[in-house]
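Please read the structure below before turning to the comments.
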Amino acid sequence: EPVELIEPYGDVPPLQDFQRDLKDKIRHVLRDHGGRAIGSLPTGAGKTRTAVEALVEWLLDGGRAPGTIVIWIAHTGELCEQACECIRQVWTDSDAGEPLRLLRRFGNLRPSVENLTDAILPTVVVTTAAALDGVAGSIVRETQLRDALSKLEAAIGEEKASRILRALGSSRPEPQGSASDSHSFFVEVGKSLGAVVIDEAHRSAAKGYRAILE
């Protein structure tokens with residue numbers, strides 16, 4: 001299912017000392033607005049679990065606004081589903097007094113803007129870089145065009161700027177078709193975005209990832 005509400009209950013094994021040390025460092029970065037970091041552990045040492053523990057504690061410690069959204073970006077649908085399962089396990093073991101909204105946006109799963117209407121629940125959107133790539137480009141292009149139009153209107157007036165657009169057979173940029181749904185969804189996500197997690201962070205240096213982060 002694209003949307004899941006995870007109630008807190010259950011029990012998972014505690015983190016090891018080296019995992020707790022990394023978790024605390026990640027939480028410190030999350031409390032620093034605009035902070036960035038790369039968490040590194042050996043293969044099979046629990047990077048996903050450790051990162052999820054840090055995110056859950058951060059979402060619960062009162063340091064974030066109601067309805068804060070976290071985007072978790074993985075390279076494949078399989079990694080996305082692994083992250084979802086870990087998030088479910090950790091949240092059910094937490095002492096949260098409310099459910100966590102988990103939105104899967106990968107493969108054929110497409111939660112909509114309507115799934116973001118509750119502005120109170122903490123939310124994690126799990127998605128792939130491929131799902132974000134085209135949307136990121138369209139948002140950047142639309143933002144650039146709107147900025148240019150705003151400057152033109154400030155220079156010559158809105159009416160003259162509109163006449164120029166009509167003469168060029170153009171109009172204000174609007175996303176179309178299925179791209180519009182993705183565009184609207186991620187624009188809405190961006191309004192309450194609190195953190196971005198990239199699974200296999202070495203990929204974040206690639207051009208596509210840089211466009212997403214910008």
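Just so we're on the same page: first chain in the structure tokens is A, next is B, and so on; residues restart at 1 for each chain, and ligands are numbered from 1 in the order they show up.
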
Q) If you count only C-alpha atoms, which residues fall within 9 Å of segment 9-15 of chain A, apart from same-chain ones fewer than 6 positions away, as JSON, numbers by chain? A) {"A": [46, 49, 50, 53, 89, 90, 91, 92, 93, 94, 95, 96]}

**Q.** Contacts of segment 190-204 of chain A at 7 Å (only C-alpha atoms; same-chain gap of 4+ positions) as a PyMOL selection string
**A.** chain A and resi 38+67-74+186+209-210

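Residue nearest Ser184 of chain A within the list A:Leu100, A:Leu59, A:Val113, A:Val52: A:Val113 [criterion: smallest interatomic distance, only C-alpha atoms].
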
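Here atom CA of Pro122 of chain A is placed at a distance of 9.3 Å from atom CA of Arg64 of chain A.
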
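With distances restricted to only C-alpha atoms, A:Arg104 is the closest residue to Glu81 of chain A from A:Arg104, A:Ala148, A:Leu116, A:Pro99.
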
(Q) I need the residues in segment 25-178 of chain A that are helix (DSSP H, G or I) according to DSSP; give them as a ChimeraX atom specification. (A) /A:25-31,47-60,77-92,113-116,129-156,158-167,177-178

**Q.** Coordinates-based distance that separates atom CA of Phe185 of chain A from atom CA of Ser112 of chain A (Å, one decimal)
**A.** 6.2 Å

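With only C-alpha atoms as the atoms that count, the minimum distance from Leu30 of chain A to the choices A:Gln82, A:Thr48, A:Asp17, A:Trp58 is reached by A:Trp58.
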
Q.
Please compute the atom CA of Gln16 of chain A-atom CA of Leu79 of chain A distance, one decimal, in Å.
A. 22.7 Å

Q) Taking only C-alpha atoms into account, which of A:Ile164, A:Ala154, A:Cys84, A:Val189 comes nearest Glu4 of chain A? A) A:Cys84

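Neighbouring residues of Arg101 of chain A at 7 Å or closer, counting only C-alpha atoms and skipping chain neighbours under 4 positions away, are Glu4, Leu5, Ile6, Leu121, Pro122, Thr123 and Val124 of chain A.
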